[in-house]
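Peer 1: Input work_18.tsv, format and content: TSV, C-alpha atoms.
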```tsv
chain	number	residue	atom	x	y	z
A	1439	MET	CA	222.94	45.60	216.34
A	1440	ARG	CA	224.00	48.80	214.65
A	1441	ARG	CA	221.13	51.28	214.38
A	1442	ALA	CA	220.43	54.82	213.36
A	1443	TRP	CA	221.51	57.19	216.12
A	1444	THR	CA	218.95	59.58	217.53
A	1445	TRP	CA	220.92	62.52	218.71
A	1446	LEU	CA	220.27	64.11	222.05
A	1447	ILE	CA	220.84	67.74	222.88
A	1448	VAL	CA	223.15	67.47	225.83
A	1449	LEU	CA	223.54	70.56	227.93
A	1450	PHE	CA	226.37	71.08	230.36
A	1451	ILE	CA	225.05	72.21	233.69
A	1452	GLY	CA	227.41	73.89	236.08
A	1453	GLY	CA	230.22	76.39	236.20
A	1454	ALA	CA	232.65	74.98	233.68
A	1455	LEU	CA	235.88	76.83	233.14
A	1456	ALA	CA	236.10	78.61	229.80
A	1457	LEU	CA	238.09	76.90	227.08
A	1458	SER	CA	241.47	78.30	226.21
A	1459	PRO	CA	241.45	80.21	222.90
A	1460	GLN	CA	243.59	77.51	221.27
A	1461	ALA	CA	241.31	74.65	222.39
A	1462	ALA	CA	238.19	76.62	221.46
A	1463	LYS	CA	239.55	77.21	217.96
A	1464	LEU	CA	240.36	73.53	217.53
A	1465	LEU	CA	236.90	72.53	218.74
A	1466	ASP	CA	235.25	74.96	216.32
A	1467	GLN	CA	237.25	73.47	213.45
A	1468	ALA	CA	236.38	69.95	214.58
A	1469	ALA	CA	232.68	70.83	214.73
A	1470	ALA	CA	232.83	72.17	211.18
A	1471	TYR	CA	234.36	68.91	209.92
A	1472	ARG	CA	231.72	66.98	211.84
A	1473	LYS	CA	228.91	68.93	210.21
A	1474	GLN	CA	230.49	68.40	206.79
A	1475	ALA	CA	230.90	64.67	207.45
A	1476	GLU	CA	227.27	64.31	208.50
A	1477	ALA	CA	226.19	65.96	205.25
A	1478	THR	CA	228.65	64.00	203.08
A	1479	TYR	CA	228.43	60.38	204.22
A	1480	LYS	CA	225.43	58.06	204.34
A	1481	LYS	CA	227.20	55.79	206.82
A	1482	HIS	CA	229.59	57.02	209.45
A	1483	TYR	CA	232.89	55.41	210.47
A	1484	PRO	CA	235.90	56.88	212.31
A	1485	ASP	CA	238.31	56.08	209.46
A	1486	LEU	CA	236.49	58.26	206.91
A	1487	ASP	CA	238.53	61.35	206.03
A	1488	LEU	CA	236.23	64.07	207.36
A	1489	TRP	CA	235.52	62.14	210.55
A	1490	LYS	CA	239.24	61.50	211.05
A	1491	LYS	CA	239.88	65.25	210.88
A	1492	ALA	CA	237.06	66.01	213.32
A	1493	ILE	CA	238.30	63.38	215.76
A	1494	ARG	CA	241.94	64.43	215.49
A	1495	LEU	CA	241.15	68.08	216.19
A	1496	GLY	CA	238.84	67.17	219.06
A	1497	GLU	CA	241.55	65.01	220.63
A	1498	LYS	CA	244.07	67.85	220.28
A	1499	ALA	CA	241.65	70.12	222.12
A	1500	ALA	CA	241.33	67.50	224.88
A	1501	LYS	CA	245.10	67.43	225.32
A	1502	ILE	CA	245.21	71.20	225.67
A	1503	ASP	CA	242.21	71.44	228.05
A	1504	PRO	CA	241.74	67.92	229.53
A	1505	GLU	CA	239.41	69.21	232.25
A	1506	ALA	CA	236.96	70.91	229.89
A	1507	PRO	CA	233.64	68.98	229.85
A	1508	GLU	CA	232.53	70.38	226.48
A	1509	VAL	CA	235.57	68.85	224.76
A	1510	TRP	CA	234.76	65.41	226.13
A	1511	ARG	CA	231.10	65.85	225.27
A	1512	PHE	CA	232.07	66.59	221.68
A	1513	LEU	CA	234.37	63.57	221.51
A	1514	ALA	CA	231.76	61.32	223.13
A	1515	GLU	CA	229.16	62.34	220.57
A	1516	VAL	CA	231.53	61.91	217.63
A	1517	TYR	CA	232.79	58.53	218.82
A	1518	THR	CA	229.21	57.40	219.29
A	1519	GLU	CA	228.06	58.66	215.92
A	1520	THR	CA	230.93	56.86	214.14
A	1521	GLY	CA	230.57	53.64	216.14
A	1522	TRP	CA	233.90	53.81	217.97
A	1523	TRP	CA	232.22	52.35	221.02
A	1524	ILE	CA	235.07	51.84	223.47
A	1525	ARG	CA	236.31	55.39	222.91
A	1526	ALA	CA	232.73	56.62	223.25
A	1527	ALA	CA	232.34	54.88	226.61
A	1528	GLU	CA	235.58	56.41	227.89
A	1529	ALA	CA	234.66	59.89	226.67
A	1530	TRP	CA	231.15	59.83	228.13
A	1531	GLN	CA	232.57	58.64	231.45
A	1532	LYS	CA	235.13	61.43	231.47
A	1533	TYR	CA	232.43	63.97	230.61
A	1534	LEU	CA	230.27	62.81	233.52
A	1535	GLU	CA	233.21	62.82	235.93
A	1536	LEU	CA	233.78	66.48	235.03
A	1537	GLY	CA	230.21	67.33	235.96
A	1538	GLY	CA	228.47	67.02	232.63
A	1539	ALA	CA	224.73	66.50	232.45
A	1540	THR	CA	223.54	62.91	232.59
A	1541	THR	CA	222.96	61.24	229.22
A	1542	PRO	CA	221.29	57.89	229.99
A	1543	GLU	CA	220.15	57.10	226.44
A	1544	ALA	CA	223.58	57.81	224.96
A	1545	LEU	CA	225.41	55.81	227.64
A	1546	ALA	CA	223.03	52.85	227.36
A	1547	GLU	CA	223.41	52.76	223.59
A	1548	VAL	CA	227.19	52.70	223.81
A	1549	TYR	CA	227.25	50.05	226.53
A	1550	LYS	CA	224.83	47.84	224.57
A	1551	HIS	CA	227.03	47.94	221.50
A	1552	LEU	CA	230.05	46.98	223.59
A	1553	GLY	CA	228.02	44.21	225.21
A	1554	TYR	CA	227.00	42.81	221.87
A	1555	ALA	CA	230.58	42.92	220.57
A	1556	ALA	CA	231.73	40.98	223.64
A	1557	TYR	CA	228.90	38.48	223.17
A	1558	GLN	CA	229.94	37.88	219.57
A	1559	ARG	CA	233.48	37.13	220.77
A	1560	GLY	CA	232.11	34.63	223.26
A	1561	ALA	CA	233.20	36.78	226.21
A	1562	LEU	CA	229.95	36.33	228.14
A	1563	ASP	CA	231.13	37.77	231.46
A	1564	GLU	CA	232.36	40.91	229.74
A	1565	ALA	CA	229.07	41.15	227.83
A	1566	ILE	CA	227.13	40.89	231.09
A	1567	ALA	CA	229.20	43.70	232.61
A	1568	TRP	CA	228.46	46.02	229.68
A	1569	TYR	CA	224.76	45.21	229.56
A	1570	GLU	CA	224.48	45.71	233.32
A	1571	LYS	CA	226.08	49.13	232.87
A	1572	ALA	CA	223.53	49.88	230.16
A	1573	LEU	CA	220.68	48.91	232.46
A	1574	LYS	CA	222.14	50.95	235.30
A	1575	ALA	CA	222.41	53.98	233.03
A	1576	ARG	CA	218.87	53.45	231.79
A	1577	PRO	CA	216.79	51.19	234.06
A	1578	ASP	CA	213.90	51.11	231.57
A	1579	ASP	CA	215.98	49.68	228.71
A	1580	ALA	CA	214.12	46.48	227.79
A	1581	GLU	CA	216.73	45.47	225.21
A	1582	ALA	CA	219.54	45.43	227.79
A	1583	ALA	CA	217.38	43.41	230.19
A	1584	ALA	CA	216.54	40.89	227.46
A	1585	TRP	CA	220.18	40.42	226.53
A	1586	LEU	CA	221.10	39.84	230.17
A	1587	GLY	CA	218.35	37.21	230.38
A	1588	ARG	CA	219.62	35.53	227.25
A	1589	ILE	CA	223.28	35.51	228.30
A	1590	TYR	CA	222.54	34.19	231.78
A	1591	VAL	CA	220.66	31.29	230.18
A	1592	GLU	CA	223.68	30.49	228.05
A	1593	LYS	CA	225.83	30.62	231.17
A	1594	GLY	CA	223.52	28.18	232.91
A	1595	ASP	CA	222.13	30.54	235.54
A	1596	PRO	CA	218.33	30.21	235.23
A	1597	LYS	CA	217.58	32.22	238.37
A	1598	ALA	CA	219.38	35.32	237.08
A	1599	ALA	CA	217.96	34.78	233.59
A	1600	LEU	CA	214.39	34.65	234.85
A	1601	LYS	CA	214.80	37.92	236.74
A	1602	TYR	CA	215.93	39.77	233.64
A	1603	TRP	CA	213.35	38.22	231.32
A	1604	GLN	CA	210.64	39.23	233.78
A	1605	LEU	CA	211.99	42.77	233.68
A	1606	ALA	CA	212.23	42.78	229.87
A	1607	ALA	CA	208.66	41.54	229.50
A	1608	LYS	CA	207.44	44.12	232.00
A	1609	LEU	CA	209.23	47.00	230.28
A	1610	GLU	CA	208.29	45.86	226.78
A	1611	PRO	CA	205.60	43.14	226.68
A	1612	SER	CA	206.37	42.21	223.08
A	1613	PRO	CA	205.63	38.70	221.76
A	1614	LYS	CA	209.36	37.97	221.69
A	1615	ASN	CA	209.96	39.00	225.30
A	1616	ARG	CA	206.89	37.10	226.52
A	1617	TYR	CA	208.04	34.08	224.55
A	1618	PHE	CA	211.49	34.03	226.14
A	1619	LEU	CA	210.06	34.73	229.58
A	1620	LYS	CA	208.00	31.58	229.15
A	1621	LEU	CA	211.12	29.70	228.08
A	1622	ALA	CA	213.02	30.93	231.12
A	1623	GLU	CA	210.18	29.74	233.34
A	1624	THR	CA	210.36	26.25	231.81
A	1625	MET	CA	214.10	25.90	232.42
A	1626	ALA	CA	213.53	24.52	235.91
A	1627	ARG	CA	211.50	21.70	234.43
A	1628	TYR	CA	213.73	20.79	231.50
A	1629	GLY	CA	217.14	21.61	232.90
A	1630	THR	CA	219.85	24.12	232.25
A	1631	GLN	CA	221.68	22.05	229.62
A	1632	ALA	CA	218.61	21.72	227.44
A	1633	ALA	CA	217.77	25.41	227.80
A	1634	ARG	CA	221.36	26.41	227.01
A	1635	ALA	CA	221.36	24.25	223.89
A	1636	PHE	CA	218.05	25.81	222.86
A	1637	TYR	CA	219.39	29.35	223.17
A	1638	GLN	CA	222.54	28.41	221.28
A	1639	GLY	CA	220.32	27.05	218.53
A	1640	TYR	CA	218.33	30.27	218.49
A	1641	ALA	CA	221.52	32.37	218.32
A	1642	ALA	CA	222.75	30.30	215.36
A	1643	TYR	CA	219.40	30.72	213.63
A	1644	GLU	CA	219.62	34.51	214.07
A	1645	ARG	CA	223.03	34.43	212.37
A	1646	GLY	CA	221.57	32.49	209.46
A	1647	ASP	CA	223.59	29.38	210.37
A	1648	LEU	CA	220.82	26.81	209.95
A	1649	GLU	CA	223.13	23.81	210.14
A	1650	THR	CA	224.45	24.78	213.59
A	1651	ALA	CA	220.95	25.75	214.71
A	1652	LEU	CA	219.69	22.26	213.84
A	1653	LEU	CA	222.49	20.63	215.83
A	1654	PHE	CA	221.69	22.63	218.98
A	1655	PHE	CA	217.92	22.25	218.68
A	1656	LYS	CA	218.38	18.48	218.25
A	1657	ARG	CA	220.51	18.44	221.37
A	1658	ALA	CA	217.86	20.36	223.30
A	1659	ALA	CA	215.19	17.94	222.06
A	1660	ASP	CA	217.29	14.94	223.09
A	1661	LEU	CA	218.02	16.37	226.53
A	1662	ALA	CA	214.36	17.22	227.15
A	1663	PRO	CA	212.12	14.64	225.44
A	1664	GLY	CA	208.96	16.30	226.74
A	1665	TRP	CA	209.87	19.81	225.57
A	1666	LEU	CA	207.91	20.78	222.47
A	1667	GLU	CA	209.67	24.03	221.60
A	1668	PRO	CA	212.95	22.66	220.18
A	1669	ARG	CA	210.89	20.26	218.06
A	1670	ARG	CA	208.88	23.18	216.71
A	1671	TRP	CA	212.10	24.91	215.69
A	1672	LEU	CA	213.45	21.74	214.08
A	1673	ALA	CA	210.23	21.46	212.09
A	1674	ARG	CA	210.43	25.09	211.06
A	1675	ILE	CA	214.10	25.08	210.06
A	1676	TYR	CA	213.90	21.85	208.08
A	1677	LEU	CA	210.99	23.31	206.13
A	1678	GLU	CA	212.85	26.59	205.55
A	1679	ALA	CA	215.89	24.61	204.39
A	1680	GLY	CA	213.80	22.80	201.79
A	1681	LEU	CA	213.87	19.45	203.60
A	1682	PRO	CA	210.17	18.63	204.05
A	1683	LYS	CA	210.73	14.91	204.67
A	1684	GLU	CA	212.83	15.76	207.72
A	1685	ALA	CA	210.36	18.46	208.81
A	1686	LEU	CA	207.23	16.29	208.55
A	1687	PRO	CA	207.68	14.06	211.63
A	1688	TYR	CA	208.41	17.09	213.79
A	1689	TRP	CA	205.34	18.95	212.52
A	1690	GLU	CA	203.25	15.84	213.19
A	1691	GLU	CA	204.58	15.75	216.76
A	1692	VAL	CA	203.97	19.48	217.26
A	1693	TYR	CA	200.44	19.31	215.85
A	1694	LYS	CA	199.57	16.29	217.98
A	1695	ALA	CA	200.58	18.20	221.11
A	1696	GLU	CA	199.07	21.53	219.98
A	1697	PRO	CA	196.37	21.12	217.29
A	1698	THR	CA	196.17	24.84	216.50
A	1699	PRO	CA	195.23	26.26	213.07
A	1700	GLU	CA	198.79	27.53	212.61
A	1701	ASN	CA	200.31	24.12	213.32
A	1702	ALA	CA	197.72	22.47	211.09
A	1703	HIS	CA	198.74	24.80	208.25
A	1704	PHE	CA	202.42	23.94	208.55
A	1705	LEU	CA	201.67	20.24	208.84
A	1706	LYS	CA	199.68	20.41	205.60
A	1707	LEU	CA	202.46	22.43	204.00
A	1708	ALA	CA	205.07	19.85	205.02
A	1709	ARG	CA	202.98	16.98	203.70
A	1710	GLU	CA	202.35	18.78	200.43
A	1711	ALA	CA	206.00	19.83	200.18
A	1712	VAL	CA	207.11	16.20	200.34
A	1713	LYS	CA	205.26	15.75	197.06
A	1714	GLY	CA	205.76	19.08	195.35
A	1715	GLY	CA	208.71	20.84	196.98
A	1716	VAL	CA	208.62	23.60	199.59
A	1717	GLN	CA	208.49	26.67	197.34
A	1718	ALA	CA	206.02	25.13	194.92
A	1719	SER	CA	203.83	24.00	197.80
A	1720	GLN	CA	203.89	27.47	199.36
A	1721	ALA	CA	202.76	28.91	196.03
A	1722	PHE	CA	200.07	26.21	195.83
A	1723	PHE	CA	198.65	27.15	199.25
A	1724	GLU	CA	198.78	30.83	198.30
A	1725	GLY	CA	196.67	29.92	195.30
A	1726	LEU	CA	194.15	28.08	197.47
A	1727	ALA	CA	193.94	31.02	199.87
A	1728	ALA	CA	193.38	33.47	197.01
A	1729	TYR	CA	190.72	31.21	195.51
A	1730	GLU	CA	188.86	31.02	198.82
A	1731	LYS	CA	188.85	34.83	198.94
A	1732	GLY	CA	187.44	34.98	195.41
A	1733	ASP	CA	190.58	36.53	193.92
A	1734	LEU	CA	190.84	34.31	190.85
A	1735	ALA	CA	193.55	36.37	189.16
A	1736	ALA	CA	195.86	36.04	192.17
A	1737	ALA	CA	194.97	32.35	192.47
A	1738	GLN	CA	195.86	31.68	188.84
A	1739	ALA	CA	199.16	33.55	189.21
A	1740	ALA	CA	200.04	31.49	192.30
A	1741	PHE	CA	199.21	28.17	190.63
A	1742	GLU	CA	201.21	29.23	187.57
A	1743	ARG	CA	204.15	29.91	189.89
A	1744	ALA	CA	203.70	26.52	191.57
A	1745	VAL	CA	203.89	24.56	188.30
A	1746	GLU	CA	206.78	26.70	187.12
A	1747	LEU	CA	208.69	25.76	190.27
A	1748	ASN	CA	207.68	22.11	189.91
A	1749	PRO	CA	206.43	21.08	186.45
A	1750	ASP	CA	205.50	17.64	187.83
A	1751	TYR	CA	203.08	19.03	190.43
A	1752	ALA	CA	199.85	17.32	189.28
A	1753	LYS	CA	197.57	18.86	191.91
A	1754	ALA	CA	198.76	22.36	191.07
A	1755	TRP	CA	198.18	21.76	187.34
A	1756	LYS	CA	194.66	20.58	188.08
A	1757	TRP	CA	193.86	23.63	190.20
A	1758	LEU	CA	195.37	25.88	187.55
A	1759	GLY	CA	193.00	24.30	185.06
A	1760	ARG	CA	190.02	24.88	187.34
A	1761	VAL	CA	190.77	28.54	188.05
A	1762	ALA	CA	191.66	29.30	184.43
A	1763	PHE	CA	188.37	27.72	183.31
A	1764	GLU	CA	186.38	29.80	185.79
A	1765	ARG	CA	188.10	32.93	184.48
A	1766	GLY	CA	187.31	32.02	180.89
A	1767	ASP	CA	190.97	31.42	180.06
A	1768	PHE	CA	190.22	28.21	178.21
A	1769	ALA	CA	193.60	27.92	176.47
A	1770	THR	CA	195.36	27.84	179.85
A	1771	ALA	CA	192.72	25.46	181.21
A	1772	VAL	CA	193.30	23.01	178.36
A	1773	ARG	CA	197.07	23.19	178.83
A	1774	ALA	CA	196.78	22.69	182.58
A	1775	TYR	CA	194.38	19.74	182.43
A	1776	ARG	CA	196.55	18.05	179.80
A	1777	GLU	CA	199.57	18.37	182.09
A	1778	ALA	CA	197.55	17.04	185.02
A	1779	LEU	CA	196.60	13.99	182.93
A	1780	ARG	CA	200.17	13.51	181.76
A	1781	LEU	CA	201.18	13.16	185.38
A	1782	ASN	CA	198.08	11.21	186.46
A	1783	PRO	CA	196.45	9.49	183.45
A	1784	ASP	CA	193.76	7.83	185.60
A	1785	ASP	CA	192.31	11.11	186.92
A	1786	ARG	CA	188.73	10.89	185.63
A	1787	GLN	CA	187.81	14.34	186.86
A	1788	ALA	CA	190.69	15.91	184.95
A	1789	LYS	CA	189.63	14.01	181.80
A	1790	TYR	CA	186.06	15.27	182.13
A	1791	PHE	CA	187.03	18.91	182.60
A	1792	LEU	CA	189.62	18.71	179.85
A	1793	ARG	CA	186.84	17.82	177.44
A	1794	LEU	CA	184.77	20.74	178.70
A	1795	ALA	CA	187.70	23.13	178.36
A	1796	GLU	CA	188.51	21.91	174.84
A	1797	ARG	CA	184.86	22.32	173.84
A	1798	ALA	CA	184.72	25.80	175.37
A	1799	LEU	CA	187.94	26.83	173.66
A	1800	LYS	CA	186.60	25.63	170.33
A	1801	SER	CA	183.18	27.25	170.70
A	1802	GLY	CA	184.32	30.35	172.53
A	1803	GLY	CA	181.97	29.82	175.50
A	1804	ALA	CA	181.75	27.70	178.63
A	1805	PRO	CA	179.36	24.70	178.34
A	1806	GLN	CA	177.19	23.48	181.18
A	1807	GLY	CA	178.97	21.44	183.80
A	1808	ALA	CA	181.87	23.84	184.20
A	1809	PRO	CA	183.74	23.46	187.52
```
Can you give me the file's structure in the form of C-alpha cells?
Peer 2:
Amino acid sequence: MRRAWTWLIVLFIGGALALSPQAAKLLDQAAAYRKQAEATYKKHYPDLDLWKKAIRLGEKAAKIDPEAPEVWRFLAEVYTETGWWIRAAEAWQKYLELGGATTPEALAEVYKHLGYAAYQRGALDEAIAWYEKALKARPDDAEAAAWLGRIYVEKGDPKAALKYWQLAAKLEPSPKNRYFLKLAETMARYGTQAARAFYQGYAAYERGDLETALLFFKRAADLAPGWLEPRRWLARIYLEAGLPKEALPYWEEVYKAEPTPENAHFLKLAREAVKGGVQASQAFFEGLAAYEKGDLAAAQAAFERAVELNPDYAKAWKWLGRVAFERGDFATAVRAYREALRLNPDDRQAKYFLRLAERALKSGGAPQGAP
C-alpha cells in the first residue's frame, strides 16, 4: 500500500495572520531539517533523527500559533511524507478548517492508507469510513472505490459492493476492475457467502498465504457448485504450489467449461507437470515455444534447464537431443538421446536418432535422415 509520494504545491489562499517571530523561526528551522532529511534518507519514517527534529520544531510552532494555517500545512506534509497517517489526517483537517486551500490528492492518499491499515486489522467498518472519506475528498479516485467494493463484498452487502465496483470500473476500466465488477454482478446468482469466501481467498492470495487462499476458494467452490471462478483459482494456486496432481482436475473442469487457448495451455502444463514437475514442465514448454519461433539456442537452453530440474524427464531429454542435433551440437545430442533411452529403452525413434547423432559426431557432419 505504501507508495512514493508525489508532492503537491499547496498554496494558502486568504488573509492569514502573520506568524509570530518565534513560531516563524521554529518553522524555518523545521523546514531546514525537513530538506536535510529528504536529501539524507532513501525511505522516510517519523522516528528517523532528522525527521524527529523537523516534527518536534513544527509541533512547537503549532503550540505557539495554533491558528496559523501554514504551520498545520507544514505538519500535514511532513506527517504524510513520513507515513504518520493519523497525524497527517488530523493536520490536514485542521489546515482546512483554518481556511487552507483544498488538497484532494493529499487527503485521499492519507485516508486510503488509514483505510488499508484498518482493513488489515479486520476493522471493516472503520476501513469503509476512511475509504469513503477518500472518495469524498477525491471523487475520481478509482482505488478508493475499488476498496469500498471489495470490503462491502466481505461484509456481505452485494448491493453496495456493486455500486462501488461500477464506479471503479468507470473511473479506471482496468482488467482488474472489470474482473471484479463481473464478480460483483454474479454475487446475486451464487450468494453472498460464496462471494465472501472468494474475496477472502483472493485477499489471502495477495498476502502470499496460499494455504489459506486454498481453504477459502474451496469453500466458495463448495457453496456455489456452478461457479467456475473459484475452481480456476484452485487450479492456478495448486499449480503455483507445485501440486500438479491436485491442479489437474480443476484445470480439466475449467477447460471443459471454457475451452480457450489460455486454459488449454494450463491444462497441458498441468498434465505435463504430473510427469515432470511444475518448474521442469514450464521450462519444457518454453523450449517448445522457442523451437516453434525458430530460436534454437533459446530452445536448447530451456530443454537443458528442464532436464537439470528433472533428470528423469524423458520427453525433455528427447527434445534436447533433437534441437542439439539441428544446431550441430552432436555431443549434446548423443548425451541427450542416451538419457532418453535410459528412461525409455523401447523408444525406437530415440534409438534411430542416437545412431545418427553418434555417426555425425564421429564424422563431424550430419548424415541424411537428421530430424
Peer 1: Which residues, written as a VMD selection string, have at least one atom at most 10 Å from A:Asp1660, with all atoms listed in the file counted and residues fewer than 6 positions away on the same chain left out?
Peer 2: chain A and resid 1632 1654 1668 to 1669
Peer 1: Extract, using all atoms listed in the file, all DNA, RNA and protein residues at most 12 Å from A:Gly1680, discarding same-chain residues fewer than 3 positions from it, and format them as a list of chain:residue names.
Peer 2: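 The residues that qualify are A:Leu1648, A:Ala1673, A:Arg1674, A:Ile1675, A:Tyr1676, A:Leu1677, A:Lys1683, A:Glu1684, A:Ala1685, A:Leu1686, A:Leu1707, A:Ala1708, A:Ala1711, A:Val1712, A:Gly1714, A:Gly1715, A:Val1716, A:Gln1717, A:Ala1718, A:Ser1719, A:Gln1720.
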Peer 1: Please measure the separation of atom CA of A:Arg1511 and atom CA of A:Ile1566, giving the value in Å to one decimal.
Peer 2: 25.9 Å
Peer 1: At what distance in Å, to one decimal, does atom CA of A:Ala1598 lie from atom CA of A:Glu1623?
Peer 2: 11.4 Å
Peer 1: Skip A:Ala1695 itself and residues of its chain fewer than 6 positions away, then list as a PDB file with C-alpha atoms, in the frame of the given file all residues within 10 Å of it, counting all atoms listed in the file.
Peer 2:
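Output below, filename result25.pdb:
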```pdb
ATOM      1  CA  LEU A1666     207.910  20.780 222.470  1.00  0.00           C
ATOM      2  CA  TRP A1689     205.340  18.950 212.520  1.00  0.00           C
ATOM      3  CA  ASN A1701     200.310  24.120 213.320  1.00  0.00           C
TER       4      ASN A1701
END
```
Peer 1: Extract, using only C-alpha atoms, all DNA, RNA and protein residues at most 10 Å from A:Tyr1590, discarding same-chain residues fewer than 5 positions from it, and format them as a PDB file with C-alpha atoms, keeping the file's coordinate frame.
Peer 2:
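part-v2.pdb was written with the following content:
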```pdb
ATOM      1  CA  LEU A1562     229.950  36.330 228.140  1.00  0.00           C
ATOM      2  CA  ASP A1563     231.130  37.770 231.460  1.00  0.00           C
ATOM      3  CA  ILE A1566     227.130  40.890 231.090  1.00  0.00           C
ATOM      4  CA  ALA A1584     216.540  40.890 227.460  1.00  0.00           C
ATOM      5  CA  TRP A1585     220.180  40.420 226.530  1.00  0.00           C
ATOM      6  CA  ASP A1595     222.130  30.540 235.540  1.00  0.00           C
ATOM      7  CA  PRO A1596     218.330  30.210 235.230  1.00  0.00           C
ATOM      8  CA  LYS A1597     217.580  32.220 238.370  1.00  0.00           C
ATOM      9  CA  ALA A1598     219.380  35.320 237.080  1.00  0.00           C
ATOM     10  CA  ALA A1599     217.960  34.780 233.590  1.00  0.00           C
ATOM     11  CA  LEU A1600     214.390  34.650 234.850  1.00  0.00           C
ATOM     12  CA  LYS A1601     214.800  37.920 236.740  1.00  0.00           C
ATOM     13  CA  TYR A1602     215.930  39.770 233.640  1.00  0.00           C
ATOM     14  CA  ARG A1634     221.360  26.410 227.010  1.00  0.00           C
TER      15      ARG A1634
END
```
Peer 1: What's the 8 Å shell around A:Leu1672, counting only C-alpha atoms, without same-chain residues fewer than 5 positions away, as a ChimeraX atom specification?
Peer 2: /A:1652,1655-1656,1685,1688
Peer 1: Selecting C-alpha atoms, how would stretch 1558-1586 of chain A from this structure be written as a tab-separated table (two decimals), in the first residue's frame?
Peer 2:
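Listed below is the output, selection-v5.tsv:
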```
chain	number	residue	atom	x	y	z
A	1558	GLN	CA	-5.55	-5.23	7.80
A	1559	ARG	CA	-6.72	-5.16	11.43
A	1560	GLY	CA	-10.07	-6.58	10.37
A	1561	ALA	CA	-11.88	-3.36	11.32
A	1562	LEU	CA	-14.02	-3.28	8.18
A	1563	ASP	CA	-16.45	-0.56	9.29
A	1564	GLU	CA	-13.56	1.74	10.16
A	1565	ALA	CA	-11.92	0.94	6.82
A	1566	ILE	CA	-15.13	1.83	5.00
A	1567	ALA	CA	-15.32	5.16	6.81
A	1568	TRP	CA	-11.76	6.08	5.77
A	1569	TYR	CA	-12.19	4.99	2.16
A	1570	GLU	CA	-15.47	6.90	1.93
A	1571	LYS	CA	-13.63	9.99	3.18
A	1572	ALA	CA	-11.00	9.40	0.49
A	1573	LEU	CA	-13.67	9.18	-2.18
A	1574	LYS	CA	-15.40	12.29	-0.86
A	1575	ALA	CA	-12.11	14.19	-0.95
A	1576	ARG	CA	-11.39	12.94	-4.45
A	1577	PRO	CA	-14.49	11.59	-6.24
A	1578	ASP	CA	-12.41	10.30	-9.17
A	1579	ASP	CA	-10.21	8.03	-7.03
A	1580	ALA	CA	-10.72	4.59	-8.59
A	1581	GLU	CA	-8.58	2.86	-5.95
A	1582	ALA	CA	-10.80	4.07	-3.09
A	1583	ALA	CA	-13.92	2.98	-4.98
A	1584	ALA	CA	-12.45	-0.47	-5.63
A	1585	TRP	CA	-11.55	-0.97	-1.98
A	1586	LEU	CA	-15.06	0.01	-0.93
```
